[in-house]
$ cat structure-v3.txt   # compact mmCIF, C-alpha atoms
# COMPACT_ATOMS: atom_id res chain seq x y z
CA MET A 1 -19.20 -10.01 -0.80
CA ALA A 2 -17.37 -7.96 1.82
CA SER A 3 -19.33 -6.08 4.43
CA ILE A 4 -18.62 -3.84 7.43
CA ASP A 5 -19.21 -5.26 10.89
CA GLU A 6 -20.47 -2.20 12.78
CA SER A 7 -20.05 -3.99 16.12
CA LYS A 8 -16.27 -3.70 15.69
CA GLN A 9 -14.36 -0.50 16.37
CA PHE A 10 -12.40 1.10 13.51
CA ILE A 11 -8.63 0.89 14.06
CA PRO A 12 -6.69 3.71 12.38
CA LEU A 13 -3.43 2.64 10.79
CA ASN A 14 -0.29 4.69 10.22
CA ILE A 15 0.17 4.82 6.46
CA ALA A 16 3.09 6.29 4.54
CA VAL A 17 2.67 7.47 0.96
CA LEU A 18 5.70 7.41 -1.32
CA THR A 19 5.59 8.89 -4.79
CA VAL A 20 8.25 7.56 -7.14
CA SER A 21 8.99 10.19 -9.77
CA ASP A 22 11.78 12.17 -11.39
CA THR A 23 9.43 14.99 -12.30
CA ARG A 24 7.04 15.55 -9.39
CA ALA A 25 7.19 17.78 -6.33
CA LEU A 26 4.72 17.70 -3.44
CA ALA A 27 2.96 20.75 -4.91
CA ASP A 28 2.03 18.91 -8.13
CA ASP A 29 1.87 15.32 -6.90
CA LYS A 30 -1.76 14.52 -7.71
CA SER A 31 -1.44 10.76 -7.19
CA GLY A 32 0.21 11.06 -3.77
CA GLN A 33 -2.35 13.67 -2.76
CA THR A 34 -5.19 11.40 -3.91
CA LEU A 35 -3.92 8.63 -1.63
CA ALA A 36 -3.26 11.00 1.30
CA ASP A 37 -6.76 12.48 1.00
CA ARG A 38 -8.48 9.11 0.78
CA LEU A 39 -6.64 7.42 3.63
CA THR A 40 -7.18 10.36 6.00
CA ALA A 41 -10.85 10.62 4.99
CA ALA A 42 -11.17 6.94 5.92
CA GLY A 43 -9.81 7.70 9.41
CA HIS A 44 -6.20 6.54 9.03
CA HIS A 45 -3.12 8.60 9.89
CA LEU A 46 -0.76 9.89 7.22
CA ALA A 47 2.50 8.76 8.85
CA ALA A 48 4.77 10.16 6.15
CA ARG A 49 4.61 11.49 2.64
CA GLU A 50 7.55 11.96 0.36
CA ILE A 51 8.82 11.81 -3.17
CA VAL A 52 11.81 9.76 -4.27
CA THR A 53 13.45 9.60 -7.69
CA ASP A 54 13.18 6.60 -9.99
CA ASP A 55 16.34 5.03 -8.61
CA VAL A 56 16.47 1.50 -7.20
CA GLU A 57 18.77 2.29 -4.27
CA ALA A 58 16.96 5.54 -3.38
CA ILE A 59 13.59 3.75 -3.37
CA ARG A 60 14.96 0.86 -1.29
CA ALA A 61 16.45 3.26 1.25
CA VAL A 62 13.09 4.93 1.85
CA ILE A 63 11.22 1.61 2.00
CA ARG A 64 13.78 0.12 4.41
CA ARG A 65 13.39 3.18 6.64
CA CYS A 66 9.60 2.75 6.60
CA ILE A 67 9.88 -0.97 7.39
CA ALA A 68 12.18 -0.22 10.34
CA ASP A 69 9.86 2.49 11.67
CA THR A 70 7.51 0.88 14.21
CA GLY A 71 5.20 3.87 13.70
CA ILE A 72 4.41 2.85 10.11
CA ASP A 73 1.99 0.00 9.47
CA VAL A 74 1.52 0.36 5.72
CA VAL A 75 3.41 1.91 2.80
CA ILE A 76 1.62 2.79 -0.42
CA THR A 77 3.77 3.78 -3.36
CA THR A 78 2.60 5.42 -6.54
CA GLY A 79 4.60 5.51 -9.75
CA GLY A 80 7.36 3.55 -11.41
CA THR A 81 5.31 0.42 -12.16
CA GLY A 82 5.32 0.73 -15.94
CA PHE A 83 7.75 -0.52 -18.57
CA THR A 84 9.87 2.50 -19.44
CA GLY A 85 13.56 2.56 -18.63
CA ARG A 86 13.05 4.64 -15.48
CA ASP A 87 10.18 2.50 -14.10
CA VAL A 88 11.98 0.52 -11.39
CA THR A 89 9.62 0.42 -8.41
CA PRO A 90 8.97 -3.37 -8.53
CA GLU A 91 12.68 -4.08 -9.03
CA ALA A 92 13.50 -1.91 -6.02
CA ILE A 93 10.82 -3.18 -3.64
CA GLU A 94 10.01 -6.80 -4.48
CA PRO A 95 13.40 -8.13 -3.26
CA LEU A 96 12.54 -6.67 0.17
CA PHE A 97 9.30 -8.67 0.46
CA GLU A 98 9.29 -11.52 2.95
CA LYS A 99 5.99 -12.59 1.41
CA ARG A 100 4.49 -11.56 -1.91
CA MET A 101 0.81 -10.70 -2.20
CA ASP A 102 0.01 -11.97 -5.67
CA GLY A 103 -3.72 -11.55 -5.11
CA PHE A 104 -3.32 -7.78 -4.88
CA SER A 105 -1.96 -7.55 -8.40
CA ILE A 106 -4.72 -9.80 -9.71
CA ALA A 107 -7.46 -7.82 -7.95
CA PHE A 108 -5.96 -4.52 -9.10
CA HIS A 109 -5.83 -5.67 -12.72
CA MET A 110 -9.42 -6.92 -12.57
CA LEU A 111 -10.59 -3.50 -11.34
CA SER A 112 -8.40 -1.69 -13.82
CA HIS A 113 -9.51 -3.84 -16.75
CA ALA A 114 -13.13 -2.90 -16.07
CA LYS A 115 -12.15 0.77 -16.46
CA ILE A 116 -9.33 0.91 -19.01
CA GLY A 117 -9.54 -2.45 -20.74
CA THR A 118 -6.41 -4.19 -21.89
CA SER A 119 -4.27 -1.13 -21.11
CA THR A 120 -4.12 -2.53 -17.58
CA ILE A 121 -1.32 -4.85 -18.70
CA GLN A 122 0.97 -1.81 -18.86
CA SER A 123 1.13 -1.77 -15.05
CA ARG A 124 3.22 -3.98 -12.80
CA ALA A 125 1.25 -3.18 -9.63
CA THR A 126 2.57 -5.37 -6.83
CA ALA A 127 2.37 -5.84 -3.07
CA GLY A 128 3.89 -7.77 -0.22
CA VAL A 129 4.87 -7.83 3.43
CA ALA A 130 8.27 -6.96 4.88
CA GLY A 131 9.07 -6.60 8.57
CA ALA A 132 5.34 -6.78 9.44
CA THR A 133 4.72 -3.77 7.18
CA TYR A 134 2.30 -4.03 4.28
CA ILE A 135 3.64 -2.50 1.06
CA PHE A 136 1.42 -1.76 -1.93
CA CYS A 137 2.82 -0.43 -5.21
CA LEU A 138 0.32 1.37 -7.43
CA PRO A 139 0.74 3.03 -10.82
CA GLY A 140 1.43 6.75 -10.94
CA SER A 141 -1.92 8.04 -12.15
CA PRO A 142 -4.56 9.55 -9.84
CA GLY A 143 -7.15 7.22 -11.41
CA ALA A 144 -5.10 4.13 -10.60
CA CYS A 145 -4.63 5.39 -7.03
CA ARG A 146 -8.36 5.96 -6.67
CA ASP A 147 -9.09 2.49 -8.05
CA GLY A 148 -6.51 0.82 -5.81
CA TRP A 149 -7.69 2.61 -2.68
CA ASP A 150 -11.44 2.57 -3.30
CA GLY A 151 -11.59 -0.92 -4.80
CA ILE A 152 -9.15 -2.83 -2.58
CA LEU A 153 -7.23 -1.01 0.12
CA ALA A 154 -10.06 0.88 1.83
CA ALA A 155 -11.76 -2.41 2.72
CA GLN A 156 -8.67 -4.50 3.42
CA LEU A 157 -7.20 -1.82 5.73
CA ASP A 158 -10.46 -1.55 7.69
CA TYR A 159 -10.59 -3.85 10.72
CA ARG A 160 -14.37 -4.03 10.44
CA THR A 161 -14.38 -5.60 6.94
CA ARG A 162 -15.76 -9.13 6.84
CA PRO A 163 -15.15 -11.91 6.06
CA CYS A 164 -11.49 -10.91 6.55
CA ASN A 165 -9.04 -8.02 6.33
CA PHE A 166 -5.34 -7.27 6.68
CA VAL A 167 -5.68 -5.46 10.01
CA GLU A 168 -6.91 -8.49 11.93
CA ILE A 169 -3.83 -10.49 11.02
CA MET A 170 -1.31 -7.74 11.77
CA PRO A 171 -0.59 -8.96 15.32
CA ARG A 172 0.40 -12.33 13.85
CA LEU A 173 2.57 -10.85 11.10
CA ASP A 174 5.07 -9.69 13.66
CA GLU A 175 5.11 -12.73 15.95
CA HIS A 176 8.71 -13.38 14.98
CA LEU A 177 9.62 -9.68 15.43
CA ARG A 178 7.85 -8.95 18.71
CA ARG A 179 6.71 -5.67 17.15
CA ALA A 180 3.41 -4.23 18.35
CA LYS A 181 1.26 -3.26 15.40
CA ALA A 182 -2.42 -2.44 15.05
CA GLN A 183 -3.04 -2.03 18.74
CA GLY A 184 -6.54 -3.20 19.57
CA ALA A 185 -6.86 -5.76 16.79
CA THR A 186 -7.65 -9.29 17.80
CA VAL A 187 -7.66 -12.33 15.60
$ encode --input "structure-v3.txt" --output "structure tokens"
Amino acid sequence: MASIDESKQFIPLNIAVLTVSDTRALADDKSGQTLADRLTAAGHHLAAREIVTDDVEAIRAVIRRCIADTGIDVVITTGGTGFTGRDVTPEAIEPLFEKRMDGFSIAFHMLSHAKIGTSTIQSRATAGVAGATYIFCLPGSPGACRDGWDGILAAQLDYRTRPCNFVEIMPRLDEHLRRAKAQGATV
């Protein structure tokens, strides 16, 4: 079971939140707000927050910009992971991954199944790494965002989490890019 090593110092990350929706605005974006509230309450920095329409090229453009921005360590998207005609987040983002994170989807579905049963199969939650930037794609409901953050991301984006976490390997993710991420983290 994971635990927090209090002898280590917390390292705040710069996290962007991207809501994928044709119908939301920042004023009524409950899922994006849920993520923004949780990540800032945990001590991280909200590096950017925006809404993009359910359009493959529009989504890719925002994600590429985030990957290229050395001030963004993590991108969390919400929305567009279902099966309707406009749900295109995985199609837009997965081709950008240098490495897929299959375990994220498995862990998310395990958590989700405990809460909503077999309805979890209606989500194509996914994650990966691109340009030394972690990218997590969550469903568009506030509950799914709470589950994803509270059940997986809060611990994995905390340098103090043992036995391991994503922050401690960030300096090695960018070895080939010579990009300084997660200042203060040591392997």
$ residues_around --input "structure-v3.txt" --residues "Lys115 in chain A" --least-positions-apart "3" --cutoff "12 Å" --atoms "all atoms listed in the file" --output "list in words"
Phe108, His109, Met110, Leu111, Ser112, Thr118, Ser119, Thr120, Gly143, Ala144, Arg146, Asp147 and Gly151 of chain A
$ write_last_selection --input "structure-v3.txt" --atoms "C-alpha atoms" --output "mmCIF file, in the coordinates of the input"
data_model
loop_
_atom_site.group_PDB
_atom_site.id
_atom_site.type_symbol
_atom_site.label_atom_id
_atom_site.label_comp_id
_atom_site.auth_asym_id
_atom_site.auth_seq_id
_atom_site.Cartn_x
_atom_site.Cartn_y
_atom_site.Cartn_z
ATOM 1 C CA PHE A 108 -5.960 -4.520 -9.100
ATOM 2 C CA HIS A 109 -5.830 -5.670 -12.720
ATOM 3 C CA MET A 110 -9.420 -6.920 -12.570
ATOM 4 C CA LEU A 111 -10.590 -3.500 -11.340
ATOM 5 C CA SER A 112 -8.400 -1.690 -13.820
ATOM 6 C CA THR A 118 -6.410 -4.190 -21.890
ATOM 7 C CA SER A 119 -4.270 -1.130 -21.110
ATOM 8 C CA THR A 120 -4.120 -2.530 -17.580
ATOM 9 C CA GLY A 143 -7.150 7.220 -11.410
ATOM 10 C CA ALA A 144 -5.100 4.130 -10.600
ATOM 11 C CA ARG A 146 -8.360 5.960 -6.670
ATOM 12 C CA ASP A 147 -9.090 2.490 -8.050
ATOM 13 C CA GLY A 151 -11.590 -0.920 -4.800
#
$ residues_around --input "structure-v3.txt" --residues "Asp87 in chain A" --least-positions-apart "3" --cutoff "12 Å" --atoms "only C-alpha atoms" --output "JSON, numbers by chain"
{"A": [20, 21, 22, 53, 54, 55, 56, 59, 78, 79, 80, 81, 82, 83, 84, 90, 91, 92, 93, 122, 123, 124, 125, 137, 138, 139, 140]}
$ closest_residue --input "structure-v3.txt" --among "A:Ile106, A:Val129, A:Ala114, A:Ala68" --to "Glu94 in chain A" --atoms "all atoms listed in the file"
A:Val129
$ atom_distance --input "structure-v3.txt" --atom1 "CA of Ile63 in chain A" --atom2 "CA of Arg38 in chain A"
21.1 Å
$ closest_residue --input "structure-v3.txt" --among "A:Gly43, A:Gly131, A:Gly32, A:Gly117" --to "Thr70 in chain A" --atoms "all atoms listed in the file"
A:Gly131
$ closest_residue --input "structure-v3.txt" --among "A:Ala154, A:Met101, A:Ala48, A:Cys145" --to "Ile15 in chain A" --atoms "only C-alpha atoms"
A:Ala48
$ atom_distance --input "structure-v3.txt" --atom1 "CA of Ile11 in chain A" --atom2 "CA of Arg49 in chain A"
20.4 Å
$ atom_distance --input "structure-v3.txt" --atom1 "CA of Ala130 in chain A" --atom2 "CA of Glu98 in chain A"
5.1 Å
$ closest_residue --input "structure-v3.txt" --among "A:Ile4, A:Glu175, A:Gly128, A:Glu50" --to "Asp29 in chain A" --atoms "all atoms listed in the file"
A:Glu50
$ residues_around --input "structure-v3.txt" --residues "Ala2 in chain A" --least-positions-apart "2" --cutoff "12 Å" --atoms "all atoms listed in the file" --output "PyMOL selection string"
chain A and resi 4-5+151-152+154-156+158-165
$ residues_around --input "structure-v3.txt" --residues "His44 in chain A" --least-positions-apart "2" --cutoff "6 Å" --atoms "all atoms listed in the file" --output "NGL selection string"
:A and (12-13 or 39-40 or 42)
$ residues_around --input "structure-v3.txt" --residues "Leu157 in chain A" --least-positions-apart "3" --cutoff "6 Å" --atoms "all atoms listed in the file" --output "ChimeraX atom specification"
/A:153-154,166-167
$ build_atoms --input "structure-v3.txt" --residues "range 134-146 of chain A" --atoms "N, CA, C and O atoms" --output "JSON list (two decimals), in the frame of the given file"
[["chain", "number", "residue", "atom", "x", "y", "z"],
["A", 134, "TYR", "N", 2.90, -3.79, 5.58],
["A", 134, "TYR", "CA", 2.30, -4.03, 4.28],
["A", 134, "TYR", "C", 2.83, -2.98, 3.31],
["A", 134, "TYR", "O", 2.91, -1.80, 3.64],
["A", 135, "ILE", "N", 3.16, -3.41, 2.09],
["A", 135, "ILE", "CA", 3.64, -2.50, 1.06],
["A", 135, "ILE", "C", 2.83, -2.75, -0.21],
["A", 135, "ILE", "O", 2.76, -3.88, -0.70],
["A", 136, "PHE", "N", 2.23, -1.68, -0.72],
["A", 136, "PHE", "CA", 1.42, -1.76, -1.93],
["A", 136, "PHE", "C", 2.00, -0.79, -2.95],
["A", 136, "PHE", "O", 2.20, 0.39, -2.63],
["A", 137, "CYS", "N", 2.25, -1.25, -4.15],
["A", 137, "CYS", "CA", 2.82, -0.43, -5.21],
["A", 137, "CYS", "C", 1.79, -0.23, -6.32],
["A", 137, "CYS", "O", 1.44, -1.18, -7.02],
["A", 138, "LEU", "N", 1.33, 1.00, -6.44],
["A", 138, "LEU", "CA", 0.32, 1.37, -7.43],
["A", 138, "LEU", "C", 0.94, 2.16, -8.57],
["A", 138, "LEU", "O", 1.98, 2.80, -8.39],
["A", 139, "PRO", "N", 0.28, 2.18, -9.73],
["A", 139, "PRO", "CA", 0.74, 3.03, -10.82],
["A", 139, "PRO", "C", 0.69, 4.51, -10.43],
["A", 139, "PRO", "O", 0.07, 4.88, -9.42],
["A", 140, "GLY", "N", 1.28, 5.34, -11.26],
["A", 140, "GLY", "CA", 1.43, 6.75, -10.94],
["A", 140, "GLY", "C", 0.32, 7.67, -11.39],
["A", 140, "GLY", "O", 0.50, 8.88, -11.38],
["A", 141, "SER", "N", -0.82, 7.16, -11.76],
["A", 141, "SER", "CA", -1.92, 8.04, -12.15],
["A", 141, "SER", "C", -2.92, 8.20, -11.00],
["A", 141, "SER", "O", -3.14, 7.25, -10.24],
["A", 142, "PRO", "N", -3.53, 9.38, -10.88],
["A", 142, "PRO", "CA", -4.56, 9.55, -9.84],
["A", 142, "PRO", "C", -5.69, 8.53, -9.97],
["A", 142, "PRO", "O", -6.20, 8.03, -8.98],
["A", 143, "GLY", "N", -6.07, 8.20, -11.20],
["A", 143, "GLY", "CA", -7.15, 7.22, -11.41],
["A", 143, "GLY", "C", -6.78, 5.86, -10.87],
["A", 143, "GLY", "O", -7.60, 5.19, -10.23],
["A", 144, "ALA", "N", -5.55, 5.43, -11.12],
["A", 144, "ALA", "CA", -5.10, 4.13, -10.60],
["A", 144, "ALA", "C", -5.05, 4.15, -9.08],
["A", 144, "ALA", "O", -5.39, 3.16, -8.43],
["A", 145, "CYS", "N", -4.66, 5.28, -8.50],
["A", 145, "CYS", "CA", -4.63, 5.39, -7.03],
["A", 145, "CYS", "C", -6.03, 5.35, -6.45],
["A", 145, "CYS", "O", -6.27, 4.70, -5.44],
["A", 146, "ARG", "N", -6.97, 6.03, -7.11],
["A", 146, "ARG", "CA", -8.36, 5.96, -6.67],
["A", 146, "ARG", "C", -8.87, 4.53, -6.75],
["A", 146, "ARG", "O", -9.49, 4.03, -5.81]]
